[in-house]
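The structure file protein-v3.cif is reproduced below (mmCIF, C-alpha atoms and all ligand atoms).
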data_data
loop_
_atom_site.label_atom_id
_atom_site.label_comp_id
_atom_site.auth_asym_id
_atom_site.auth_seq_id
_atom_site.Cartn_x
_atom_site.Cartn_y
_atom_site.Cartn_z
CA MET A 107 -18.35 15.93 -14.41
CA LEU A 108 -17.57 13.21 -11.88
CA TYR A 109 -18.59 9.58 -12.52
CA ILE A 110 -18.40 7.26 -9.51
CA ILE A 111 -18.14 3.74 -10.90
CA PHE A 112 -19.08 0.74 -8.77
CA LEU A 113 -16.51 -1.90 -9.76
CA THR A 114 -18.28 -4.46 -7.57
CA GLY A 115 -20.84 -4.63 -4.79
CA VAL A 116 -18.64 -7.03 -2.83
CA CYS A 117 -16.54 -5.95 0.15
CA ASN A 118 -13.99 -7.97 2.12
CA LEU A 119 -14.77 -6.11 5.36
CA ASN A 120 -17.88 -5.78 7.48
CA CYS A 121 -17.58 -2.45 9.27
CA ARG A 122 -20.01 -1.64 12.07
CA TYR A 123 -21.53 1.38 10.35
CA CYS A 124 -21.77 -0.12 6.90
CA GLY A 125 -22.54 -3.82 6.98
CA GLY A 126 -20.26 -5.04 4.18
CA SER A 127 -21.26 -6.02 0.65
CA ILE A 128 -24.13 -4.23 -1.10
CA PRO A 129 -27.16 -6.57 -1.24
CA GLU A 130 -27.76 -8.10 -4.70
CA GLU A 131 -31.31 -6.72 -4.70
CA VAL A 132 -29.86 -3.16 -4.64
CA MET A 133 -27.43 -3.85 -7.48
CA PRO A 134 -25.70 -6.92 -8.99
CA HIS A 135 -22.34 -7.75 -7.48
CA GLU A 136 -20.52 -7.60 -10.83
CA ILE A 137 -20.52 -5.08 -13.69
CA GLN A 138 -23.11 -6.06 -16.31
CA TYR A 139 -22.25 -3.54 -19.06
CA SER A 140 -19.32 -3.73 -21.49
CA ILE A 141 -16.31 -1.41 -21.42
CA ASP A 142 -17.53 -0.10 -24.80
CA ASP A 143 -20.90 0.85 -23.25
CA LEU A 144 -19.07 2.76 -20.55
CA LYS A 145 -16.72 4.38 -23.05
CA ASN A 146 -19.64 5.48 -25.26
CA PHE A 147 -21.23 7.16 -22.29
CA VAL A 148 -18.30 8.72 -20.40
CA GLU A 149 -16.25 9.94 -23.36
CA ARG A 150 -19.04 12.26 -24.47
CA ASP A 151 -17.89 14.34 -21.53
CA LYS A 152 -14.46 15.84 -22.27
CA GLU A 153 -14.04 16.86 -18.62
CA ALA A 154 -14.82 13.44 -17.14
CA ILE A 155 -13.39 12.42 -13.78
CA ILE A 156 -13.71 8.73 -12.96
CA ALA A 157 -13.76 7.52 -9.35
CA PHE A 158 -13.64 3.78 -8.64
CA TYR A 159 -15.96 2.74 -5.84
CA GLY A 160 -17.66 -0.29 -4.37
CA GLY A 161 -18.02 -2.57 -2.33
CA GLU A 162 -14.26 -2.72 -2.34
CA PRO A 163 -13.11 -1.63 -5.81
CA LEU A 164 -9.63 -3.13 -5.48
CA LEU A 165 -11.18 -6.60 -5.36
CA ARG A 166 -11.52 -5.97 -9.11
CA ILE A 167 -8.11 -4.50 -10.01
CA GLU A 168 -8.23 -6.07 -13.50
CA LYS A 169 -11.48 -4.24 -14.28
CA MET A 170 -10.01 -1.00 -12.97
CA LYS A 171 -6.95 -1.43 -15.23
CA GLU A 172 -9.20 -2.16 -18.21
CA ILE A 173 -11.17 1.05 -17.64
CA ILE A 174 -8.03 3.15 -17.14
CA ASP A 175 -6.60 1.70 -20.36
CA ASN A 176 -9.74 2.16 -22.46
CA VAL A 177 -11.85 5.04 -21.18
CA LYS A 178 -10.52 8.59 -21.55
CA ALA A 179 -10.88 10.74 -18.44
CA LYS A 180 -9.08 13.79 -17.12
CA LYS A 181 -8.60 12.29 -13.68
CA PHE A 182 -8.84 8.92 -11.97
CA VAL A 183 -9.66 8.44 -8.30
CA VAL A 184 -10.18 5.40 -6.09
CA GLN A 185 -11.95 5.08 -2.73
CA THR A 186 -10.65 1.95 -1.06
CA ASN A 187 -10.39 0.25 2.32
CA GLY A 188 -6.67 -0.07 1.61
CA PHE A 189 -6.26 -3.84 1.93
CA PHE A 190 -5.15 -4.44 -1.66
CA LEU A 191 -3.32 -1.20 -2.42
CA HIS A 192 0.01 -3.04 -2.68
CA LYS A 193 -1.43 -5.16 -5.52
CA ILE A 194 -1.87 -2.22 -7.90
CA PRO A 195 1.01 -2.31 -10.41
CA GLU A 196 3.16 0.82 -10.13
CA GLU A 197 2.29 2.12 -13.62
CA TYR A 198 -1.41 2.06 -12.70
CA LEU A 199 -0.85 3.40 -9.19
CA ASN A 200 0.50 6.62 -10.61
CA ARG A 201 -2.35 6.92 -13.12
CA LEU A 202 -4.54 7.52 -10.07
CA ASP A 203 -4.60 11.22 -9.24
CA THR A 204 -6.16 10.65 -5.83
CA ILE A 205 -6.40 7.65 -3.54
CA LEU A 206 -8.81 7.83 -0.62
CA VAL A 207 -8.17 5.23 2.06
CA SER A 208 -10.83 4.48 4.67
CA ILE A 209 -9.36 4.62 8.17
CA ASP A 210 -11.06 6.02 11.23
CA GLY A 211 -8.12 7.51 13.15
CA ARG A 212 -6.22 5.96 16.05
CA PRO A 213 -5.74 2.16 16.10
CA GLU A 214 -8.35 1.50 18.79
CA VAL A 215 -11.05 3.55 17.03
CA THR A 216 -10.33 2.13 13.56
CA ASN A 217 -10.26 -1.44 14.84
CA TYR A 218 -13.44 -0.94 16.90
CA TYR A 219 -15.43 0.19 13.85
CA ARG A 220 -13.68 -1.66 11.03
CA GLY A 221 -12.51 -4.91 12.67
CA ASN A 222 -9.56 -6.22 14.67
CA GLY A 223 -6.19 -5.68 13.02
CA VAL A 224 -7.59 -3.52 10.20
CA TYR A 225 -5.63 -0.45 11.27
CA GLU A 226 -2.31 -2.32 11.19
CA ILE A 227 -2.94 -3.79 7.73
CA VAL A 228 -4.10 -0.51 6.22
CA VAL A 229 -1.18 1.50 7.62
CA ASP A 230 1.24 -1.14 6.35
CA ARG A 231 -0.24 -0.86 2.82
CA VAL A 232 -0.23 2.93 2.90
CA LYS A 233 3.45 2.98 3.90
CA LYS A 234 4.25 0.48 1.13
CA ILE A 235 2.65 2.52 -1.66
CA ARG A 236 3.80 5.88 -0.35
CA GLU A 237 7.30 5.12 -1.58
CA GLN A 238 6.09 4.97 -5.19
CA TYR A 239 2.88 6.96 -5.20
CA LYS A 240 3.16 10.63 -6.21
CA GLY A 241 -0.54 11.60 -6.13
CA ASP A 242 -2.82 12.85 -3.37
CA LEU A 243 -3.20 10.25 -0.63
CA ILE A 244 -6.22 11.01 1.56
CA ALA A 245 -7.26 9.37 4.81
CA ARG A 246 -11.05 9.17 4.84
CA MET A 247 -12.73 8.69 8.18
CA ALA A 248 -16.26 7.83 9.16
CA VAL A 249 -16.76 9.70 12.43
CA SER A 250 -18.93 8.14 15.13
CA GLU A 251 -19.47 8.26 18.88
CA GLU A 252 -16.09 6.67 19.75
CA SER A 253 -14.26 9.27 17.64
CA ASP A 254 -12.45 12.18 19.22
CA ILE A 255 -12.10 14.41 16.20
CA TYR A 256 -8.97 16.24 17.35
CA SER A 257 -7.13 13.04 18.29
CA GLU A 258 -8.19 11.15 15.15
CA VAL A 259 -7.24 13.91 12.72
CA THR A 260 -3.91 14.75 14.33
CA HIS A 261 -3.06 11.05 14.49
CA LEU A 262 -3.77 10.58 10.77
CA LEU A 263 -1.78 13.70 9.90
CA SER A 264 1.22 12.03 11.59
CA LEU A 265 0.98 9.15 9.04
CA PRO A 266 2.10 9.49 5.42
CA PHE A 267 -1.19 10.96 4.17
CA ASP A 268 -1.39 14.27 2.30
CA HIS A 269 -4.89 15.03 3.52
CA VAL A 270 -7.48 13.91 6.04
CA HIS A 271 -11.19 14.01 5.31
CA TRP A 272 -14.19 12.75 7.27
CA GLN A 273 -17.92 12.28 7.16
CA LEU A 274 -20.17 12.04 10.17
CA ASN A 275 -21.80 8.65 10.46
CA VAL A 276 -25.27 10.15 10.59
CA VAL A 277 -28.70 9.85 8.91
CA TRP A 278 -28.13 6.40 7.37
CA ALA A 279 -26.52 5.16 10.63
CA PRO A 280 -28.48 2.41 12.37
CA ASP A 281 -30.24 3.55 15.57
CA GLU A 282 -27.88 1.59 17.81
CA ALA A 283 -24.86 3.47 16.36
CA TRP A 284 -25.47 6.42 18.67
CA HIS A 285 -26.31 6.60 22.36
CA ASP A 286 -26.55 10.38 22.57
CA PHE A 287 -25.63 12.28 19.40
CA GLU A 288 -26.62 15.66 20.82
CA ALA A 289 -24.38 15.28 23.90
CA TRP A 290 -21.48 14.01 21.74
CA VAL A 291 -21.72 17.06 19.48
CA LYS A 292 -21.87 19.43 22.42
CA ASN A 293 -19.18 17.84 24.60
CA SER A 294 -16.83 16.22 22.11
CA TYR A 295 -17.21 17.05 18.41
CA ASN A 296 -17.77 20.81 18.38
CA PRO A 297 -15.10 21.53 21.03
CA GLY A 298 -12.76 19.20 19.07
CA ILE A 299 -13.39 21.20 15.90
CA THR A 300 -12.53 24.42 17.75
CA LYS A 301 -9.29 22.87 19.02
CA LEU A 302 -8.45 21.63 15.53
CA ALA A 303 -9.24 25.05 14.03
CA ASN A 304 -6.89 26.65 16.57
CA LEU A 305 -4.14 24.25 15.53
CA TRP A 306 -4.87 24.92 11.84
CA ILE A 307 -4.71 28.68 12.34
CA ASP A 308 -1.49 28.46 14.41
CA GLU A 309 0.11 26.42 11.59
CA LEU A 310 -1.12 28.90 8.96
CA LYS A 311 0.68 31.64 10.85
CA LEU A 312 3.84 29.55 10.54
CA GLY A 313 3.30 29.25 6.78
CA ASN A 314 1.86 25.69 6.77
CA ILE A 315 -1.51 24.60 5.41
CA LEU A 316 -2.37 21.37 7.23
CA GLY A 317 -4.24 19.03 4.91
CA ILE A 318 -7.60 19.05 6.68
CA VAL A 319 -10.09 18.75 3.82
CA PRO A 320 -13.29 20.03 5.50
CA PHE A 321 -11.40 23.18 6.57
CA GLN A 322 -9.77 23.65 3.17
CA GLY A 323 -13.01 22.95 1.31
CA VAL A 324 -15.04 25.43 3.38
CA ILE A 325 -12.37 28.11 2.93
CA LYS A 326 -12.39 27.41 -0.81
CA ARG A 327 -16.17 27.95 -0.92
CA MET A 328 -15.70 31.20 0.99
CA LEU A 329 -13.00 32.48 -1.38
CA TRP A 330 -14.48 31.08 -4.62
CA PRO A 331 -18.26 30.96 -4.08
CA GLU A 332 -20.06 28.14 -5.85
CA GLN A 333 -23.62 26.88 -5.89
CA GLY A 334 -25.18 23.75 -4.50
CA VAL A 335 -24.20 20.65 -2.62
CA PRO A 336 -20.40 20.39 -2.30
CA CYS A 337 -20.22 16.71 -3.33
CA GLY A 338 -21.96 17.63 -6.59
CA ALA A 339 -24.50 14.76 -6.31
CA GLY A 340 -27.24 15.19 -8.92
CA ARG A 341 -25.60 18.36 -10.25
CA ASP A 342 -22.28 17.37 -11.79
CA ALA A 343 -21.48 14.14 -9.95
CA PHE A 344 -23.19 10.83 -10.66
CA ALA A 345 -22.72 7.20 -9.77
CA ILE A 346 -22.88 4.33 -12.23
CA ALA A 347 -24.27 1.15 -10.69
CA THR A 348 -22.99 -2.26 -11.78
CA ASP A 349 -26.15 -2.69 -13.91
CA GLY A 350 -25.57 0.59 -15.77
CA ARG A 351 -28.11 2.68 -13.85
CA VAL A 352 -27.07 6.27 -13.25
CA LEU A 353 -27.63 7.49 -9.70
CA ALA A 354 -27.40 11.00 -8.30
CA CYS A 355 -25.70 9.76 -5.12
CA PRO A 356 -23.82 6.47 -4.70
CA ILE A 357 -25.58 5.80 -1.40
CA GLY A 358 -29.05 4.33 -1.66
CA GLY A 359 -29.34 2.77 -5.11
CA GLU A 360 -32.89 1.78 -4.14
CA PHE A 361 -34.42 5.27 -3.76
CA GLU A 362 -36.58 6.56 -6.62
CA TRP A 363 -35.40 10.21 -6.59
CA ASN A 364 -31.86 8.89 -6.94
CA GLU A 365 -32.39 7.01 -10.25
CA LEU A 366 -31.77 9.18 -13.29
CA GLY A 367 -31.70 6.67 -16.17
CA THR A 368 -28.97 4.41 -17.52
CA ILE A 369 -25.71 4.77 -19.40
CA TYR A 370 -27.55 3.30 -22.43
CA ASP A 371 -30.26 5.95 -22.65
CA LYS A 372 -28.75 9.13 -21.20
CA GLU A 373 -26.22 11.68 -22.41
CA PRO A 374 -23.93 12.97 -19.67
CA GLU A 375 -24.91 16.56 -20.42
CA ALA A 376 -28.62 15.73 -20.02
CA LEU A 377 -27.87 14.65 -16.45
CA ARG A 378 -26.43 17.97 -15.34
CA ASN A 379 -28.53 19.66 -12.62
CA SER A 380 -30.98 16.72 -12.50
CA VAL A 381 -31.72 16.84 -8.78
CA ASP A 382 -31.95 19.97 -6.69
CA ILE A 383 -31.72 20.40 -2.95
CA ASP A 384 -34.98 21.08 -1.04
CA GLU A 385 -35.86 23.36 1.83
CA PRO A 386 -34.92 24.22 4.50
CA CYS A 387 -31.50 24.51 2.89
CA LYS A 388 -32.29 26.99 0.13
CA SER A 389 -33.47 29.57 2.70
CA CYS A 390 -30.69 28.86 5.20
CA ASP A 391 -28.34 31.77 5.94
CA ILE A 392 -25.24 29.58 5.50
CA TYR A 393 -26.49 27.83 2.34
CA PRO A 394 -23.84 29.54 0.15
CA ILE A 395 -21.15 27.77 2.20
CA CYS A 396 -22.90 24.55 3.29
CA GLY A 397 -24.72 23.98 0.00
CA GLY A 398 -27.22 21.74 1.79
CA ARG A 399 -24.40 19.48 3.04
CA CYS A 400 -25.65 16.17 1.59
CA LEU A 401 -28.32 15.57 -1.04
CA PHE A 402 -29.16 12.14 0.39
CA ALA A 403 -29.74 13.55 3.90
CA ASN A 404 -31.75 16.42 2.43
CA LYS A 405 -34.08 14.01 0.62
CA GLU A 406 -34.25 11.23 3.20
CA ARG A 407 -34.85 12.73 6.64
CA LEU A 408 -34.18 9.41 8.28
CA TRP A 409 -33.48 11.12 11.61
CA GLY A 410 -36.53 13.42 11.31
CA MET A 411 -36.38 17.22 11.39
CA GLU A 412 -34.96 17.27 14.91
CA GLY A 413 -32.04 15.07 13.90
CA PHE A 414 -31.54 17.09 10.71
CA GLU A 415 -31.23 20.29 12.74
CA GLN A 416 -28.82 18.68 15.19
CA ILE A 417 -26.54 17.83 12.25
CA CYS A 418 -26.90 21.41 10.96
CA GLY A 419 -25.56 22.51 14.35
CA THR A 420 -22.24 20.81 13.51
CA VAL A 421 -22.10 22.65 10.16
CA ARG A 422 -22.86 26.00 11.77
CA HIS A 423 -20.05 25.46 14.24
CA LEU A 424 -17.58 24.46 11.53
CA VAL A 425 -18.50 27.46 9.38
CA LYS A 426 -18.16 29.80 12.37
CA GLU A 427 -14.66 28.48 13.08
CA MET A 428 -13.70 28.81 9.42
CA GLN A 429 -14.93 32.41 9.38
CA ARG A 430 -12.34 33.03 12.08
CA ALA A 431 -9.71 31.25 9.96
CA ARG A 432 -10.74 33.20 6.87
CA ASN A 433 -9.91 36.50 8.56
CA VAL A 434 -6.43 35.21 9.38
CA ILE A 435 -5.99 33.83 5.84
CA GLU A 436 -6.95 37.13 4.21
CA GLU A 437 -4.42 38.91 6.40
CA LEU A 438 -1.72 36.35 5.51
CA ILE A 439 -2.50 36.64 1.79
CA HIS A 440 -2.31 40.43 2.14
CA LYS A 441 1.11 40.12 3.83
CA GLY A 442 2.33 37.82 1.03
CA VAL A 443 2.73 34.72 3.25
CA PHE A 444 0.39 32.80 0.92
CA LYS A 445 -1.02 33.21 -2.55
CA LYS A 446 -4.81 32.93 -2.72
CA GLU A 447 -4.49 29.98 -5.14
CA GLU A 448 -2.83 27.92 -2.41
CA PHE A 449 -6.27 27.66 -0.78
CA TYR A 450 -7.87 26.20 -3.92
CA TYR A 451 -8.37 22.70 -2.56
CA PRO A 452 -9.64 20.28 -3.69
CA PRO A 453 -8.40 21.20 -7.18
CA PHE A 454 -11.17 19.05 -8.76
CA ASN A 455 -14.05 16.96 -7.43
CA ASN A 456 -12.01 14.15 -5.90
CA THR A 457 -15.08 12.75 -4.03
CA THR A 458 -14.31 14.53 -0.77
CA GLU A 459 -17.74 15.88 0.19
CA ILE A 460 -16.28 18.91 2.06
CA ILE A 461 -19.01 19.29 4.70
CA PRO A 462 -18.70 16.30 7.08
S1 LIG A 501 -26.82 24.14 7.68
FE1 LIG A 501 -28.49 22.66 7.50
S2 LIG A 501 -30.24 23.83 6.73
FE2 LIG A 501 -28.39 25.07 6.40
S3 LIG A 501 -27.80 24.58 4.29
FE3 LIG A 501 -26.66 23.20 5.65
S4 LIG A 501 -27.86 21.33 5.80
FE4 LIG A 501 -29.21 22.94 4.96
S1 LIG A 502 -22.50 13.80 0.64
FE1 LIG A 502 -24.52 12.83 0.63
S2 LIG A 502 -25.37 13.23 -1.39
FE2 LIG A 502 -23.18 13.61 -1.50
S3 LIG A 502 -22.32 11.70 -2.22
FE3 LIG A 502 -22.22 11.64 0.00
S4 LIG A 502 -24.11 10.62 0.66
FE4 LIG A 502 -24.39 11.24 -1.48
#
Show me, as structure tokens, the structure contained in the file I just sent.
Ligand code: SF4
Ligand code: SF4
Amino acid sequence: MLYIIFLTGVCNLNCRYCGGSIPEEVMPHEIQYSIDDLKNFVERDKEAIIAFYGGEPLLRIEKMKEIIDNVKAKKFVVQTNGFFLHKIPEEYLNRLDTILVSIDGRPEVTNYYRGNGVYEIVVDRVKKIREQYKGDLIARMAVSEESDIYSEVTHLLSLPFDHVHWQLNVVWAPDEAWHDFEAWVKNSYNPGITKLANLWIDELKLGNILGIVPFQGVIKRMLWPEQGVPCGAGRDAFAIATDGRVLACPIGGEFEWNELGTIYDKEPEALRNSVDIDEPCKSCDIYPICGGRCLFANKERLWGMEGFEQICGTVRHLVKEMQRARNVIEELIHKGVFKKEEFYYPPFNNTTEIIP
């Protein structure tokens, strides 16, 4: 199972859609449990994947090194804003199987949402580590009203990333984040997805699989059906707060449905399948692919039912475009251009949530 470990609640940035450090009343800024407590809990799971998270986890590189050195896990992952990547010693850098770097696309869009000059710093760090880093380097975008999905994704694919992933900045976004979500979906996002799908399919025909995670993840769920929410929250993915609480989803440490116990009183296996997705997802015709998209959004209808359905419209469009791609892929597999296994991405739960 996946364990998302908050190394700290502190962040050095203050992005528009996030608001910076996690308030102390949601969780303490620093880890309160000992490495032995964590080890006792995580090592009962022989298939553990550890993902470092925050705040900004690389503000606590020493703690990350201590956990890598002392807690056995099959894979290590970090989700970072990229500022301190160059400070990870090379031997630890390559212990990380996946590094997800937050960046929102073109310079003007990244700097608008994340702060002036952020793009330039992050790209500099990514280029610096790329020379040594052999693992999967993923650009992770938050997509908002200023984002043009086709331009942002193709821009990031031109940088030294292996993959690009994104999440829509919806549901927990503050009201002022959007002027007209419905119009943006209709006029910008959905047409952009179609254009991107066309590019992806054209490249497939040339024998290339562009590293676009939501496309790859949806195709994987079509070719290897699996149950439930793609991020695994509450099923086989859990977050460990700095105070040792176990959460189904790392977002919203303050919600009751999200609290499942603590690392002191729970066995990993007892957590499996703790929280299930609610209607309308279970009866939805595309549930086998979408999986309910996001457990948090399913539980907290912060945009009401109308907003929920508008977001579903983006999923329906994505799935429709990937059905088109699937037909091409099956033909290419049949012709021997690809092996089916080449579409098995992500190879493990690397914290990419698949459905944006
Ligand atoms: S498309 Fe909407 S209703 Fe259907 S499974 Fe996904 S989130 Fe649920
Ligand atoms: S997709 Fe939703 S439920 Fe899953 S980890 Fe992200 S916020 Fe939580």
Can you build me a table of chain A residues sitting at most 7 Å from ligand LIG 502 (chain A), with the closest atom pair per residue and its distance in Å to one decimal, using all atoms listed in the file, sorted by chain and residue number, as a Markdown table?
| residue | atom | partner | partner_atom | distance |
| --- | --- | --- | --- | --- |
| A:Cys337 | CA | A:LIG502 | FE2 | 4.7 |
| A:Gly338 | CA | A:LIG502 | FE2 | 6.6 |
| A:Ala339 | CA | A:LIG502 | FE2 | 5.1 |
| A:Cys355 | CA | A:LIG502 | FE4 | 4.1 |
| A:Pro356 | CA | A:LIG502 | FE4 | 5.8 |
| A:Ile357 | CA | A:LIG502 | S4 | 5.4 |
| A:Arg399 | CA | A:LIG502 | S1 | 6.5 |
| A:Cys400 | CA | A:LIG502 | FE1 | 3.7 |
| A:Leu401 | CA | A:LIG502 | S2 | 3.8 |
| A:Phe402 | CA | A:LIG502 | S2 | 4.3 |
| A:Ala403 | CA | A:LIG502 | FE1 | 6.2 |
| A:Glu459 | CA | A:LIG502 | S1 | 5.2 |
task: Please identify all polymer residues within 6 Å of Tyr159 (chain A), counting all atoms listed in the file, omitting same-chain residues fewer than 6 positions from it, and present them as an NGL selection string.
output: :A and (111-112 or 185)
Using C-alpha atoms, can you export the residues from the last selection as a compact mmCIF listing (two decimals), keeping the file's coordinate frame?
# COMPACT_ATOMS: atom_id res chain seq x y z
CA ILE A 111 -18.14 3.74 -10.90
CA PHE A 112 -19.08 0.74 -8.77
CA GLN A 185 -11.95 5.08 -2.73
Counting only C-alpha atoms and all ligand atoms, which residues of chain A sit at most 12 Å from some atom of ligand LIG 501 (chain A), and what is each one's closest atom pair with its distance in Å to one decimal, listed by chain and rising residue number, as a Markdown table?
| residue | atom | partner | partner_atom | distance |
| --- | --- | --- | --- | --- |
| A:Val277 | CA | A:LIG501 | S4 | 11.9 |
| A:Gln333 | CA | A:LIG501 | S3 | 11.2 |
| A:Gly334 | CA | A:LIG501 | S3 | 9.2 |
| A:Val335 | CA | A:LIG501 | S3 | 8.7 |
| A:Pro336 | CA | A:LIG501 | FE3 | 10.5 |
| A:Ile383 | CA | A:LIG501 | FE4 | 8.7 |
| A:Asp384 | CA | A:LIG501 | FE4 | 8.5 |
| A:Glu385 | CA | A:LIG501 | FE4 | 7.4 |
| A:Pro386 | CA | A:LIG501 | S2 | 5.2 |
| A:Cys387 | CA | A:LIG501 | FE4 | 3.5 |
| A:Lys388 | CA | A:LIG501 | S3 | 6.6 |
| A:Ser389 | CA | A:LIG501 | S3 | 7.7 |
| A:Cys390 | CA | A:LIG501 | FE2 | 4.6 |
| A:Asp391 | CA | A:LIG501 | FE2 | 6.7 |
| A:Ile392 | CA | A:LIG501 | FE2 | 5.6 |
| A:Tyr393 | CA | A:LIG501 | S3 | 4.0 |
| A:Pro394 | CA | A:LIG501 | S3 | 7.6 |
| A:Ile395 | CA | A:LIG501 | S3 | 7.7 |
| A:Cys396 | CA | A:LIG501 | FE3 | 4.6 |
| A:Gly397 | CA | A:LIG501 | S3 | 5.3 |
| A:Gly398 | CA | A:LIG501 | S3 | 3.8 |
| A:Arg399 | CA | A:LIG501 | S4 | 4.8 |
| A:Cys400 | CA | A:LIG501 | S4 | 7.0 |
| A:Leu401 | CA | A:LIG501 | S4 | 9.0 |
| A:Phe402 | CA | A:LIG501 | S4 | 10.7 |
| A:Ala403 | CA | A:LIG501 | S4 | 8.2 |
| A:Asn404 | CA | A:LIG501 | S4 | 7.1 |
| A:Lys405 | CA | A:LIG501 | S4 | 10.9 |
| A:Arg407 | CA | A:LIG501 | S4 | 11.1 |
| A:Met411 | CA | A:LIG501 | S2 | 10.2 |
| A:Glu412 | CA | A:LIG501 | FE1 | 11.2 |
| A:Gly413 | CA | A:LIG501 | FE1 | 10.5 |
| A:Phe414 | CA | A:LIG501 | FE1 | 7.1 |
| A:Glu415 | CA | A:LIG501 | FE1 | 6.4 |
| A:Gln416 | CA | A:LIG501 | FE1 | 8.7 |
| A:Ile417 | CA | A:LIG501 | FE1 | 7.0 |
| A:Cys418 | CA | A:LIG501 | FE1 | 4.0 |
| A:Gly419 | CA | A:LIG501 | S1 | 7.0 |
| A:Thr420 | CA | A:LIG501 | S1 | 8.1 |
| A:Val421 | CA | A:LIG501 | S1 | 5.5 |
| A:Arg422 | CA | A:LIG501 | S1 | 6.0 |
| A:His423 | CA | A:LIG501 | S1 | 9.5 |
| A:Leu424 | CA | A:LIG501 | S1 | 10.0 |
| A:Val425 | CA | A:LIG501 | S1 | 9.1 |
| A:Lys426 | CA | A:LIG501 | S1 | 11.4 |
| A:Ile460 | CA | A:LIG501 | FE3 | 11.8 |
| A:Ile461 | CA | A:LIG501 | FE3 | 8.6 |
| A:Pro462 | CA | A:LIG501 | S4 | 10.5 |
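One distance worth recording is that between CA of Asp210 (chain A) and CA of Asp268 (chain A), which is 15.5 Å.
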- line: From the list A:Ile307, A:Asp230, A:Ala154, A:Val132, the nearest residue to Gly358 (chain A) using only C-alpha atoms is A:Val132
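Excluding Ser294 (chain A) and any residue on its chain fewer than 5 positions from it, the residues at most 8 Å away by all atoms listed in the file are Asp254, Ile255 and Ala289 of chain A.
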field: Atomic separation - CA of Lys372 (chain A) relative to CA of Ile155 (chain A), Å
entry: 17.4 Å
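Every residue within 9 Å of the file position (-28.3, 2.0, -21.8), judged by all atoms listed in the file, is given as Tyr139, Asp143, Phe147, Gly350, Arg351, Gly367, Thr368, Ile369, Tyr370, Asp371 and Lys372 of chain A.
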Can you pull out the residues contacting Glu252 (chain A)? Cut-off 12 Å, using all atoms listed in the file, and skip same-chain residues under 2 positions away; I want them as a tab-separated table (two decimals) with C-alpha atoms, keeping the file's coordinate frame.
chain	number	residue	atom	x	y	z
A	122	ARG	CA	-20.01	-1.64	12.07
A	210	ASP	CA	-11.06	6.02	11.23
A	211	GLY	CA	-8.12	7.51	13.15
A	212	ARG	CA	-6.22	5.96	16.05
A	213	PRO	CA	-5.74	2.16	16.10
A	214	GLU	CA	-8.35	1.50	18.79
A	215	VAL	CA	-11.05	3.55	17.03
A	216	THR	CA	-10.33	2.13	13.56
A	217	ASN	CA	-10.26	-1.44	14.84
A	218	TYR	CA	-13.44	-0.94	16.90
A	219	TYR	CA	-15.43	0.19	13.85
A	248	ALA	CA	-16.26	7.83	9.16
A	249	VAL	CA	-16.76	9.70	12.43
A	250	SER	CA	-18.93	8.14	15.13
A	254	ASP	CA	-12.45	12.18	19.22
A	255	ILE	CA	-12.10	14.41	16.20
A	257	SER	CA	-7.13	13.04	18.29
A	258	GLU	CA	-8.19	11.15	15.15
A	274	LEU	CA	-20.17	12.04	10.17
A	275	ASN	CA	-21.80	8.65	10.46
A	283	ALA	CA	-24.86	3.47	16.36
A	284	TRP	CA	-25.47	6.42	18.67
A	285	HIS	CA	-26.31	6.60	22.36
A	286	ASP	CA	-26.55	10.38	22.57
A	287	PHE	CA	-25.63	12.28	19.40
A	290	TRP	CA	-21.48	14.01	21.74
A	291	VAL	CA	-21.72	17.06	19.48
A	294	SER	CA	-16.83	16.22	22.11
A	295	TYR	CA	-17.21	17.05	18.41
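CA of Ala343 (chain A) sits 10.7 Å away from CA of Val381 (chain A).
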Long-range neighbours of Glu436 (chain A) as a VMD selection string, 12 Å cut-off, all atoms listed in the file, 6 positions minimum in chain: chain A and resid 307 310 to 311 325 328 to 329 428 to 430 442 to 446 449
Selection to disk with C-alpha atoms, as a short mmCIF file (atom, residue, chain, number, x, y, z; two decimals), keeping the file's coordinate frame:
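Now in part-v9.cif:
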data_model
loop_
_atom_site.label_atom_id
_atom_site.label_comp_id
_atom_site.auth_asym_id
_atom_site.auth_seq_id
_atom_site.Cartn_x
_atom_site.Cartn_y
_atom_site.Cartn_z
CA ILE A 307 -4.71 28.68 12.34
CA LEU A 310 -1.12 28.90 8.96
CA LYS A 311 0.68 31.64 10.85
CA ILE A 325 -12.37 28.11 2.93
CA MET A 328 -15.70 31.20 0.99
CA LEU A 329 -13.00 32.48 -1.38
CA MET A 428 -13.70 28.81 9.42
CA GLN A 429 -14.93 32.41 9.38
CA ARG A 430 -12.34 33.03 12.08
CA GLY A 442 2.33 37.82 1.03
CA VAL A 443 2.73 34.72 3.25
CA PHE A 444 0.39 32.80 0.92
CA LYS A 445 -1.02 33.21 -2.55
CA LYS A 446 -4.81 32.93 -2.72
CA PHE A 449 -6.27 27.66 -0.78
#
message: Which residues are close to Lys193 (chain A), i.e. within 12 Å by only C-alpha atoms, leaving aside same-chain residues fewer than 6 positions away? Reply as a PyMOL selection string.
response: chain A and resi 164-168+171+199+231-232+234-235
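Distances to Thr186 (chain A) were evaluated for A:Glu427, A:Glu375, A:Glu251, A:Glu162 using all atoms listed in the file, and the minimum falls at A:Glu162.
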